[in-house]
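Before any comments, here is the structure.
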Amino acid sequence: MSSQYDILIVGAGIAGSALAHALSLSSAPQRRIALLERSLAEPDRIVGELLQPGGIAFLNKLGLQGALEGIDAIPEHGYVVVQDGRIVHVPYPDAREGRSFHHGLFVQALREHAKHARCVDVIEATVNELVEEEGKVVGVKATRSNGKEKEVFRADLTVIADGCFSNFRSAIQGPSARSSSTKSHFCGVILKDAQLPIPQHGTVVLVRGHGPVLLYQISEHDTRMLVDVKNPVPSDLKTHILTNILPSLPTKLHEPIRAALSSDRIRRMPNSFLPPSPQSHQRGVILIGDAWNMRHPLTGGGMTVALSDAYIVSQLLDKVNDLRDWNQMQGILKKWWWERKGLAATINILSVALYDLFGADGECLTVLQDGCFKYFERGGESVRGPASLLSGIAPSTSLLAYHFFYVAFYSIWALFAHPRPIPAPPTNHESHTRIMQTPSVLDYPRLFWLSCRVFWTACVLFGPLLWTEIRWW
């Protein structure tokens, strides 16, 4: 038994559902589209719950703005960064807004739009394998949820959007495939009726010696807390959070956190980085979404990139006369590769670079972290620029490089000019107090050597990330 379609999409998550809906609006001759998903039940994930303003813009372009209605989505107006009890406000520029929500509710809303789209069949089925003929993918074999036999679904073009744990990535990418890396895991719980430092703002807490903690409200009574735990993950996460993380968090959050840890299980999700690679190895099939390109979820940019890719691909496929003409399709893939670069590269690089700073591991990264916080405290363009990058409304790697190295040089300047804590002379009453003191000329040789190491650390952090994006082979 087989079914014939023009386009077959495997995976009804963010990218797959958005692409199916976008393709149904095509001005090209109407194409039959199948959207296959292993389970159409509401997904339960701890990431993909904050959509940046840039993602909202692409959601509107895709005609999917209604997906944010009726899911108790919370407006987000920016971020609050907390370090050692100090708070700095990083608002989105020009009163732009993001949205935060329960991931599963948003995905279900996108699927509903796909179900009601013209010529789109949403099918609950597990895809087992790709079907190849004469070196070209012509469809998939899948088992429907209510069946036992494998069924062949044929299509002129197959799109794989099966997420970060993709079963088909290696086979499709072939020799051009790049390896994903996982430095840490997000461990998440839901806090009930928690009070954040500034309402309707994501909160990032920098914890000395550990990864950052991210908090944001996802419904009227629910606030997501994500604790970044570096590898290897401790066996007793609850004790780790209570002992090492909780003391650094705002006091008003302590009771909701203790209550959540005692009543809710801690969920884990790997924080993986997978740079994109050209898609030219396998004819008849392409990858999209996390199946192709992943970045650290700290900056909440993954859904923005996925919706951007869905929009660009749908617009480009509009111009294809024959989806079976792979020479024409290769030209489309090259155009997609370069059209997505501005936004995707900016978000990809920013996510990992900011994580390395916020999860400072070592003296040089700690200097950069402190400098980054002080840079935000300056306000003005020192906040507006990074916030524009973070929100996905300024797709510019040059702007990102400008602010990143401005932070590096500002961090070095702060080493010499800003007071730093040093041990106070012991007294009869207190022997562990610290005082703030500006470095003296005698400290300059050591600080000069440290400055060289800090600048080198900034270069070796940013350079390889930029290289992963500019290489096209």
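In the structure tokens, chains take the letters A, B, ... in the order shown, each chain's residues start at 1, and ligands count up from 1 in the order shown.
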Inset, instruction - Find the residues near stretch 143-152 of chain A: any atom within 12 Å, counting only C-alpha atoms, skip ones fewer than 4 places away on the same chain, and give them as a ChimeraX atom specification. - result: /A:1-5,8,36-41,122-132,138-139
Same residues, N, CA and C atoms, output as a PDB file, in the first residue's frame:
```
ATOM      1  N   MET A   1       0.841  -1.196   0.000  1.00  0.00           N
ATOM      2  CA  MET A   1       0.000   0.000   0.000  1.00  0.00           C
ATOM      3  C   MET A   1       0.877   1.248   0.000  1.00  0.00           C
ATOM      4  N   SER A   2       0.554   2.224  -0.848  1.00  0.00           N
ATOM      5  CA  SER A   2       1.347   3.440  -0.903  1.00  0.00           C
ATOM      6  C   SER A   2       0.448   4.638  -1.173  1.00  0.00           C
ATOM      7  N   SER A   3       0.932   5.813  -0.771  1.00  0.00           N
ATOM      8  CA  SER A   3       0.219   7.064  -1.004  1.00  0.00           C
ATOM      9  C   SER A   3       1.178   8.026  -1.689  1.00  0.00           C
ATOM     10  N   GLN A   4       0.653   8.841  -2.614  1.00  0.00           N
ATOM     11  CA  GLN A   4       1.493   9.750  -3.384  1.00  0.00           C
ATOM     12  C   GLN A   4       1.208  11.198  -3.001  1.00  0.00           C
ATOM     13  N   TYR A   5       2.287  11.939  -2.722  1.00  0.00           N
ATOM     14  CA  TYR A   5       2.177  13.366  -2.388  1.00  0.00           C
ATOM     15  C   TYR A   5       3.228  14.130  -3.176  1.00  0.00           C
ATOM     16  N   LEU A   8       6.466  15.650   1.347  1.00  0.00           N
ATOM     17  CA  LEU A   8       6.284  14.840   2.544  1.00  0.00           C
ATOM     18  C   LEU A   8       7.140  15.442   3.654  1.00  0.00           C
ATOM     19  N   LEU A  36       3.765  13.904   8.659  1.00  0.00           N
ATOM     20  CA  LEU A  36       3.780  12.673   9.455  1.00  0.00           C
ATOM     21  C   LEU A  36       4.384  12.935  10.828  1.00  0.00           C
ATOM     22  N   GLU A  37       3.717  12.447  11.855  1.00  0.00           N
ATOM     23  CA  GLU A  37       4.192  12.624  13.220  1.00  0.00           C
ATOM     24  C   GLU A  37       3.958  11.343  14.008  1.00  0.00           C
ATOM     25  N   ARG A  38       4.982  10.931  14.754  1.00  0.00           N
ATOM     26  CA  ARG A  38       4.889   9.678  15.518  1.00  0.00           C
ATOM     27  C   ARG A  38       3.731   9.698  16.510  1.00  0.00           C
ATOM     28  N   SER A  39       3.561  10.807  17.220  1.00  0.00           N
ATOM     29  CA  SER A  39       2.464  10.944  18.179  1.00  0.00           C
ATOM     30  C   SER A  39       1.910  12.354  18.110  1.00  0.00           C
ATOM     31  N   LEU A  40       0.605  12.457  17.914  1.00  0.00           N
ATOM     32  CA  LEU A  40      -0.050  13.761  17.858  1.00  0.00           C
ATOM     33  C   LEU A  40      -0.567  14.191  19.223  1.00  0.00           C
ATOM     34  N   ALA A  41      -0.193  13.439  20.270  1.00  0.00           N
ATOM     35  CA  ALA A  41      -0.515  13.870  21.627  1.00  0.00           C
ATOM     36  C   ALA A  41       0.318  15.096  21.972  1.00  0.00           C
ATOM     37  N   VAL A 122      -2.489  15.538   7.877  1.00  0.00           N
ATOM     38  CA  VAL A 122      -1.704  15.309   9.082  1.00  0.00           C
ATOM     39  C   VAL A 122      -1.953  13.867   9.516  1.00  0.00           C
ATOM     40  N   ILE A 123      -0.890  13.081   9.529  1.00  0.00           N
ATOM     41  CA  ILE A 123      -1.016  11.635   9.726  1.00  0.00           C
ATOM     42  C   ILE A 123      -0.180  11.204  10.927  1.00  0.00           C
ATOM     43  N   GLU A 124      -0.798  10.463  11.831  1.00  0.00           N
ATOM     44  CA  GLU A 124      -0.065   9.920  12.977  1.00  0.00           C
ATOM     45  C   GLU A 124       0.560   8.587  12.567  1.00  0.00           C
ATOM     46  N   ALA A 125       1.862   8.605  12.379  1.00  0.00           N
ATOM     47  CA  ALA A 125       2.564   7.409  11.915  1.00  0.00           C
ATOM     48  C   ALA A 125       4.035   7.513  12.283  1.00  0.00           C
ATOM     49  N   THR A 126       4.641   6.366  12.552  1.00  0.00           N
ATOM     50  CA  THR A 126       6.066   6.301  12.871  1.00  0.00           C
ATOM     51  C   THR A 126       6.855   5.998  11.611  1.00  0.00           C
ATOM     52  N   VAL A 127       7.741   6.896  11.242  1.00  0.00           N
ATOM     53  CA  VAL A 127       8.554   6.703  10.042  1.00  0.00           C
ATOM     54  C   VAL A 127       9.710   5.770  10.379  1.00  0.00           C
ATOM     55  N   ASN A 128       9.806   4.679   9.643  1.00  0.00           N
ATOM     56  CA  ASN A 128      10.814   3.653   9.918  1.00  0.00           C
ATOM     57  C   ASN A 128      12.070   3.800   9.065  1.00  0.00           C
ATOM     58  N   GLU A 129      11.887   4.187   7.812  1.00  0.00           N
ATOM     59  CA  GLU A 129      13.043   4.259   6.927  1.00  0.00           C
ATOM     60  C   GLU A 129      12.728   5.119   5.710  1.00  0.00           C
ATOM     61  N   LEU A 130      13.802   5.573   5.056  1.00  0.00           N
ATOM     62  CA  LEU A 130      13.666   6.298   3.802  1.00  0.00           C
ATOM     63  C   LEU A 130      13.548   5.303   2.653  1.00  0.00           C
ATOM     64  N   VAL A 131      12.810   5.673   1.634  1.00  0.00           N
ATOM     65  CA  VAL A 131      12.672   4.837   0.435  1.00  0.00           C
ATOM     66  C   VAL A 131      13.523   5.461  -0.670  1.00  0.00           C
ATOM     67  N   GLU A 132      14.448   4.690  -1.205  1.00  0.00           N
ATOM     68  CA  GLU A 132      15.339   5.194  -2.246  1.00  0.00           C
ATOM     69  C   GLU A 132      15.153   4.411  -3.533  1.00  0.00           C
ATOM     70  N   VAL A 138      12.652   8.890  -2.521  1.00  0.00           N
ATOM     71  CA  VAL A 138      11.343   9.122  -3.151  1.00  0.00           C
ATOM     72  C   VAL A 138      10.207   9.004  -2.144  1.00  0.00           C
ATOM     73  N   GLY A 139      10.542   8.924  -0.864  1.00  0.00           N
ATOM     74  CA  GLY A 139       9.506   8.820   0.153  1.00  0.00           C
ATOM     75  C   GLY A 139      10.010   8.118   1.386  1.00  0.00           C
TER      76      GLY A 139
END
```
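Near A:Pro419, within 12 Å and counting only C-alpha atoms, sit Trp413, Ala414, Leu415, Phe416, Ile422, Arg434, Ile435, Met436, Gln437, Thr438, Pro439 and Ser440 of chain A; same-chain residues fewer than 3 positions away were not included.
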Output for the residues just chosen: N, CA and C atoms as an mmCIF file, in the first residue's frame:
```cif
data_model
loop_
_atom_site.group_PDB
_atom_site.id
_atom_site.type_symbol
_atom_site.label_atom_id
_atom_site.label_comp_id
_atom_site.auth_asym_id
_atom_site.auth_seq_id
_atom_site.Cartn_x
_atom_site.Cartn_y
_atom_site.Cartn_z
ATOM 1 N N TRP A 413 39.720 46.780 30.452
ATOM 2 C CA TRP A 413 39.798 48.111 31.049
ATOM 3 C C TRP A 413 39.327 48.085 32.504
ATOM 4 N N ALA A 414 38.249 47.310 32.762
ATOM 5 C CA ALA A 414 37.713 47.226 34.123
ATOM 6 C C ALA A 414 38.713 46.577 35.077
ATOM 7 N N LEU A 415 39.566 45.691 34.556
ATOM 8 C CA LEU A 415 40.585 45.073 35.409
ATOM 9 C C LEU A 415 41.491 46.133 36.044
ATOM 10 N N PHE A 416 41.824 47.152 35.278
ATOM 11 C CA PHE A 416 42.735 48.187 35.744
ATOM 12 C C PHE A 416 42.009 49.322 36.477
ATOM 13 N N ILE A 422 39.241 42.392 47.710
ATOM 14 C CA ILE A 422 40.468 41.765 48.207
ATOM 15 C C ILE A 422 40.276 41.477 49.692
ATOM 16 N N ARG A 434 36.051 41.190 53.242
ATOM 17 C CA ARG A 434 36.701 41.622 52.014
ATOM 18 C C ARG A 434 36.364 43.087 51.787
ATOM 19 N N ILE A 435 37.292 43.815 51.209
ATOM 20 C CA ILE A 435 37.086 45.219 50.902
ATOM 21 C C ILE A 435 37.321 45.443 49.422
ATOM 22 N N MET A 436 36.750 46.548 48.883
ATOM 23 C CA MET A 436 36.925 46.896 47.474
ATOM 24 C C MET A 436 38.114 47.840 47.342
ATOM 25 N N GLN A 437 39.008 47.525 46.421
ATOM 26 C CA GLN A 437 40.203 48.343 46.254
ATOM 27 C C GLN A 437 40.587 48.411 44.767
ATOM 28 N N THR A 438 40.897 49.609 44.286
ATOM 29 C CA THR A 438 41.355 49.794 42.910
ATOM 30 C C THR A 438 42.795 49.291 42.783
ATOM 31 N N PRO A 439 43.120 48.576 41.716
ATOM 32 C CA PRO A 439 44.490 48.055 41.558
ATOM 33 C C PRO A 439 45.525 49.177 41.585
ATOM 34 N N SER A 440 46.660 48.886 42.162
ATOM 35 C CA SER A 440 47.772 49.839 42.191
ATOM 36 C C SER A 440 48.720 49.567 41.020
#
```
Inset, instruction - Considering only C-alpha atoms, return as a ChimeraX atom specification whatever protein or nucleic-acid residues lie within 12 Å of A:Gly174, sequence-local ones (same chain, fewer than 5 positions apart) excluded. - result: /A:168-169,179,277-283
Would you put the residues from that selection into a file with all heavy atoms, as a compact mmCIF listing (two decimals), in the first residue's frame?
```txt
# COMPACT_ATOMS: atom_id res chain seq x y z
N PHE A 168 17.54 10.33 10.97
CA PHE A 168 17.94 10.27 9.56
C PHE A 168 19.04 11.26 9.22
O PHE A 168 19.48 11.32 8.07
CB PHE A 168 16.72 10.54 8.67
CG PHE A 168 15.56 9.63 8.95
CD1 PHE A 168 14.47 10.07 9.68
CD2 PHE A 168 15.58 8.32 8.51
CE1 PHE A 168 13.41 9.22 9.95
CE2 PHE A 168 14.53 7.45 8.77
CZ PHE A 168 13.43 7.91 9.50
N ARG A 169 19.51 12.04 10.17
CA ARG A 169 20.49 13.09 9.91
C ARG A 169 21.75 12.55 9.23
O ARG A 169 22.19 13.07 8.21
CB ARG A 169 20.85 13.80 11.21
CG ARG A 169 21.85 14.93 11.06
CD ARG A 169 22.27 15.46 12.42
NE ARG A 169 21.16 15.98 13.18
CZ ARG A 169 20.91 15.71 14.45
NH1 ARG A 169 21.71 14.88 15.11
NH2 ARG A 169 19.87 16.23 15.07
N SER A 179 29.46 16.87 13.55
CA SER A 179 29.13 16.25 14.83
C SER A 179 28.54 17.28 15.79
O SER A 179 28.99 18.43 15.83
CB SER A 179 30.36 15.61 15.45
OG SER A 179 30.91 14.63 14.60
N SER A 277 25.39 22.35 7.88
CA SER A 277 26.30 21.93 6.82
C SER A 277 25.52 21.86 5.51
O SER A 277 24.31 21.66 5.51
CB SER A 277 26.93 20.57 7.13
OG SER A 277 25.92 19.60 7.37
N PRO A 278 26.19 22.06 4.38
CA PRO A 278 25.48 22.06 3.09
C PRO A 278 24.72 20.77 2.85
O PRO A 278 25.17 19.69 3.24
CB PRO A 278 26.63 22.23 2.08
CG PRO A 278 27.72 22.89 2.85
CD PRO A 278 27.63 22.33 4.25
N GLN A 279 23.57 20.91 2.21
CA GLN A 279 22.72 19.74 1.96
C GLN A 279 22.76 19.39 0.48
O GLN A 279 21.94 19.85 -0.30
CB GLN A 279 21.28 20.03 2.40
CG GLN A 279 21.17 20.43 3.87
CD GLN A 279 19.75 20.34 4.37
OE1 GLN A 279 19.08 19.32 4.21
NE2 GLN A 279 19.27 21.40 5.00
N SER A 280 23.72 18.57 0.12
CA SER A 280 23.85 18.22 -1.29
C SER A 280 24.18 16.73 -1.48
O SER A 280 24.32 16.28 -2.61
CB SER A 280 24.95 19.07 -1.94
OG SER A 280 26.19 18.90 -1.24
N HIS A 281 24.29 15.99 -0.38
CA HIS A 281 24.72 14.59 -0.49
C HIS A 281 23.61 13.70 -1.01
O HIS A 281 23.85 12.86 -1.88
CB HIS A 281 25.19 14.09 0.87
CG HIS A 281 25.49 12.63 0.91
ND1 HIS A 281 26.57 12.09 0.24
CD2 HIS A 281 24.85 11.58 1.51
CE1 HIS A 281 26.59 10.77 0.44
NE2 HIS A 281 25.56 10.45 1.20
N GLN A 282 22.39 13.87 -0.52
CA GLN A 282 21.30 12.96 -0.85
C GLN A 282 20.23 13.69 -1.63
O GLN A 282 19.66 14.68 -1.16
CB GLN A 282 20.70 12.39 0.45
CG GLN A 282 19.65 11.32 0.26
CD GLN A 282 20.21 10.03 -0.31
OE1 GLN A 282 20.31 9.88 -1.53
NE2 GLN A 282 20.59 9.11 0.55
N ARG A 283 19.92 13.21 -2.81
CA ARG A 283 18.90 13.84 -3.64
C ARG A 283 17.50 13.48 -3.14
O ARG A 283 17.27 12.41 -2.62
CB ARG A 283 19.05 13.41 -5.10
CG ARG A 283 20.33 13.89 -5.77
CD ARG A 283 20.33 13.49 -7.24
NE ARG A 283 20.25 12.04 -7.40
CZ ARG A 283 19.72 11.42 -8.45
NH1 ARG A 283 19.21 12.13 -9.44
NH2 ARG A 283 19.72 10.11 -8.53
```
Legend entry - Spatial neighbours of A:Asp325, 12 Å, only C-alpha atoms, chain gap at least 5 places, as an NGL selection string: :A and (136 or 156-157 or 283-284 or 317 or 320 or 330-332)
Using only C-alpha atoms, which residues sit within 10 Å of A:Lys183 once same-chain residues fewer than 3 positions away are excluded, as a PDB file with all heavy atoms, in the first residue's frame?
```pdb
ATOM      1  N   ASP A 228      21.315  25.122  34.393  1.00  0.00           N
ATOM      2  CA  ASP A 228      22.332  24.548  33.521  1.00  0.00           C
ATOM      3  C   ASP A 228      23.325  23.754  34.380  1.00  0.00           C
ATOM      4  O   ASP A 228      23.946  24.300  35.291  1.00  0.00           O
ATOM      5  CB  ASP A 228      23.080  25.644  32.769  1.00  0.00           C
ATOM      6  CG  ASP A 228      24.100  25.069  31.809  1.00  0.00           C
ATOM      7  OD1 ASP A 228      23.710  24.708  30.685  1.00  0.00           O
ATOM      8  OD2 ASP A 228      25.276  24.988  32.182  1.00  0.00           O
ATOM      9  N   VAL A 229      23.442  22.472  34.084  1.00  0.00           N
ATOM     10  CA  VAL A 229      24.327  21.587  34.837  1.00  0.00           C
ATOM     11  C   VAL A 229      25.360  21.031  33.870  1.00  0.00           C
ATOM     12  O   VAL A 229      25.035  20.358  32.893  1.00  0.00           O
ATOM     13  CB  VAL A 229      23.543  20.438  35.500  1.00  0.00           C
ATOM     14  CG1 VAL A 229      24.495  19.533  36.278  1.00  0.00           C
ATOM     15  CG2 VAL A 229      22.469  20.986  36.429  1.00  0.00           C
ATOM     16  N   LYS A 230      26.609  21.325  34.153  1.00  0.00           N
ATOM     17  CA  LYS A 230      27.683  20.893  33.260  1.00  0.00           C
ATOM     18  C   LYS A 230      27.970  19.408  33.427  1.00  0.00           C
ATOM     19  O   LYS A 230      27.725  18.815  34.478  1.00  0.00           O
ATOM     20  CB  LYS A 230      28.947  21.713  33.545  1.00  0.00           C
ATOM     21  CG  LYS A 230      28.761  23.211  33.307  1.00  0.00           C
ATOM     22  CD  LYS A 230      29.982  24.004  33.685  1.00  0.00           C
ATOM     23  CE  LYS A 230      29.748  25.506  33.496  1.00  0.00           C
ATOM     24  NZ  LYS A 230      30.911  26.312  33.878  1.00  0.00           N
ATOM     25  N   ASN A 231      28.479  18.821  32.355  1.00  0.00           N
ATOM     26  CA  ASN A 231      28.831  17.399  32.385  1.00  0.00           C
ATOM     27  C   ASN A 231      30.062  17.165  33.255  1.00  0.00           C
ATOM     28  O   ASN A 231      30.973  18.005  33.270  1.00  0.00           O
ATOM     29  CB  ASN A 231      29.087  16.888  30.970  1.00  0.00           C
ATOM     30  CG  ASN A 231      27.828  16.917  30.122  1.00  0.00           C
ATOM     31  OD1 ASN A 231      26.718  16.847  30.633  1.00  0.00           O
ATOM     32  ND2 ASN A 231      28.005  17.035  28.823  1.00  0.00           N
ATOM     33  N   PRO A 232      30.105  16.048  33.980  1.00  0.00           N
ATOM     34  CA  PRO A 232      29.059  15.037  34.137  1.00  0.00           C
ATOM     35  C   PRO A 232      27.958  15.498  35.085  1.00  0.00           C
ATOM     36  O   PRO A 232      28.237  16.177  36.078  1.00  0.00           O
ATOM     37  CB  PRO A 232      29.832  13.837  34.720  1.00  0.00           C
ATOM     38  CG  PRO A 232      30.947  14.466  35.492  1.00  0.00           C
ATOM     39  CD  PRO A 232      31.343  15.699  34.730  1.00  0.00           C
ATOM     40  N   PRO A 270      19.501  17.698  26.969  1.00  0.00           N
ATOM     41  CA  PRO A 270      20.873  18.057  26.585  1.00  0.00           C
ATOM     42  C   PRO A 270      20.919  19.383  25.843  1.00  0.00           C
ATOM     43  O   PRO A 270      20.051  19.677  25.012  1.00  0.00           O
ATOM     44  CB  PRO A 270      21.296  16.892  25.678  1.00  0.00           C
ATOM     45  CG  PRO A 270      20.020  16.320  25.155  1.00  0.00           C
ATOM     46  CD  PRO A 270      19.011  16.507  26.242  1.00  0.00           C
ATOM     47  N   ASN A 271      21.915  20.190  26.158  1.00  0.00           N
ATOM     48  CA  ASN A 271      22.130  21.456  25.462  1.00  0.00           C
ATOM     49  C   ASN A 271      23.169  21.222  24.366  1.00  0.00           C
ATOM     50  O   ASN A 271      24.367  21.264  24.622  1.00  0.00           O
ATOM     51  CB  ASN A 271      22.607  22.528  26.438  1.00  0.00           C
ATOM     52  CG  ASN A 271      21.556  22.864  27.477  1.00  0.00           C
ATOM     53  OD1 ASN A 271      20.363  22.779  27.210  1.00  0.00           O
ATOM     54  ND2 ASN A 271      21.987  23.244  28.663  1.00  0.00           N
ATOM     55  N   SER A 272      22.694  20.966  23.171  1.00  0.00           N
ATOM     56  CA  SER A 272      23.582  20.559  22.074  1.00  0.00           C
ATOM     57  C   SER A 272      23.815  21.693  21.098  1.00  0.00           C
ATOM     58  O   SER A 272      22.965  22.565  20.904  1.00  0.00           O
ATOM     59  CB  SER A 272      22.988  19.361  21.328  1.00  0.00           C
ATOM     60  OG  SER A 272      22.809  18.262  22.195  1.00  0.00           O
ATOM     61  N   PHE A 273      24.989  21.649  20.477  1.00  0.00           N
ATOM     62  CA  PHE A 273      25.339  22.593  19.420  1.00  0.00           C
ATOM     63  C   PHE A 273      25.676  21.803  18.170  1.00  0.00           C
ATOM     64  O   PHE A 273      26.543  20.935  18.180  1.00  0.00           O
ATOM     65  CB  PHE A 273      26.527  23.456  19.844  1.00  0.00           C
ATOM     66  CG  PHE A 273      27.036  24.366  18.757  1.00  0.00           C
ATOM     67  CD1 PHE A 273      26.202  25.317  18.192  1.00  0.00           C
ATOM     68  CD2 PHE A 273      28.346  24.266  18.292  1.00  0.00           C
ATOM     69  CE1 PHE A 273      26.661  26.161  17.180  1.00  0.00           C
ATOM     70  CE2 PHE A 273      28.818  25.105  17.290  1.00  0.00           C
ATOM     71  CZ  PHE A 273      27.966  26.056  16.737  1.00  0.00           C
ATOM     72  N   HIS A 296      22.704  26.503  21.537  1.00  0.00           N
ATOM     73  CA  HIS A 296      22.390  26.416  22.963  1.00  0.00           C
ATOM     74  C   HIS A 296      21.063  27.126  23.237  1.00  0.00           C
ATOM     75  O   HIS A 296      20.831  28.238  22.739  1.00  0.00           O
ATOM     76  CB  HIS A 296      23.506  27.045  23.793  1.00  0.00           C
ATOM     77  CG  HIS A 296      23.479  26.625  25.227  1.00  0.00           C
ATOM     78  ND1 HIS A 296      22.539  27.114  26.120  1.00  0.00           N
ATOM     79  CD2 HIS A 296      24.251  25.762  25.934  1.00  0.00           C
ATOM     80  CE1 HIS A 296      22.746  26.576  27.305  1.00  0.00           C
ATOM     81  NE2 HIS A 296      23.768  25.744  27.220  1.00  0.00           N
ATOM     82  N   ASP A 356      29.105  30.482  27.170  1.00  0.00           N
ATOM     83  CA  ASP A 356      30.472  30.356  27.683  1.00  0.00           C
ATOM     84  C   ASP A 356      30.800  31.485  28.662  1.00  0.00           C
ATOM     85  O   ASP A 356      31.519  31.277  29.648  1.00  0.00           O
ATOM     86  CB  ASP A 356      31.473  30.345  26.531  1.00  0.00           C
ATOM     87  CG  ASP A 356      31.507  29.016  25.802  1.00  0.00           C
ATOM     88  OD1 ASP A 356      31.019  28.023  26.372  1.00  0.00           O
ATOM     89  OD2 ASP A 356      32.014  28.957  24.670  1.00  0.00           O
TER      90      ASP A 356
END
```
Inset, instruction - Report the residues of stretch 210-422 of chain A whose backbone DSSP state falls under helix (DSSP H, G or I), written as a PyMOL selection string. - result: chain A and resi 237-248+251-263+289-291+297-299+302-317+326-339+341-358+363-377+381-390+397-417
Inset, instruction - Find, counting only C-alpha atoms, the residue in A:Arg446, A:Arg340, A:Lys319, A:Arg378 that gets nearest to A:Ala28. - result: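 Of all the options, A:Lys319 lies closest to A:Ala28.
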Inset, instruction - Using only C-alpha atoms, determine which residues lie at most 9 Å from stretch 75-84 of chain A, disregarding the query and same-chain residues fewer than 6 positions distant; provide the list as a PyMOL selection string. - result: chain A and resi 50-53+90-93+95-100+197-208+216-217+248-250+370+373+376+387+391
Inset, instruction - Rank A:Leu105, A:Val88, A:Ile347, A:Cys187 by their smallest atom-to-atom distance to A:Cys372, using only C-alpha atoms, and report the top residue only. - result: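 The shortest atom-to-atom distance to A:Cys372 comes from A:Val88.
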Hey, which bits of stretch 4-120 of chain A sit within 12 Å of stretch 341-346 of chain A, and for each residue what's the closest pair of atoms and how far apart in Å (one decimal), counting only C-alpha atoms, rows by chain and increasing number, as CSV?
```
residue,atom,partner,partner_atom,distance
A:Gly54,CA,A:Leu343,CA,9.3
A:Gly55,CA,A:Leu343,CA,10.7
A:Phe58,CA,A:Leu343,CA,11.6
```
Inset, instruction - Report the distance between atom CA of A:Val441 and atom CA of A:Leu368 in Å, rounded to one decimal place. - result: 21.9 Å
Legend entry - Atom pair atom CA of A:Gly48 / atom CA of A:Gly371: separation (Å):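 Separation between atom CA of A:Gly48 and atom CA of A:Gly371: 29.0 Å.
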Inset, instruction - Would you list, as a PyMOL selection string, the residues of stretch 176-279 of chain A that end up in strand (DSSP E) under DSSP run on this structure's backbone? - result: chain A and resi 181-192+202-206+213-217+222-230+267-273
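Picture a line from atom CA of A:Tyr311 to atom CA of A:Trp337; it runs 13.2 Å.
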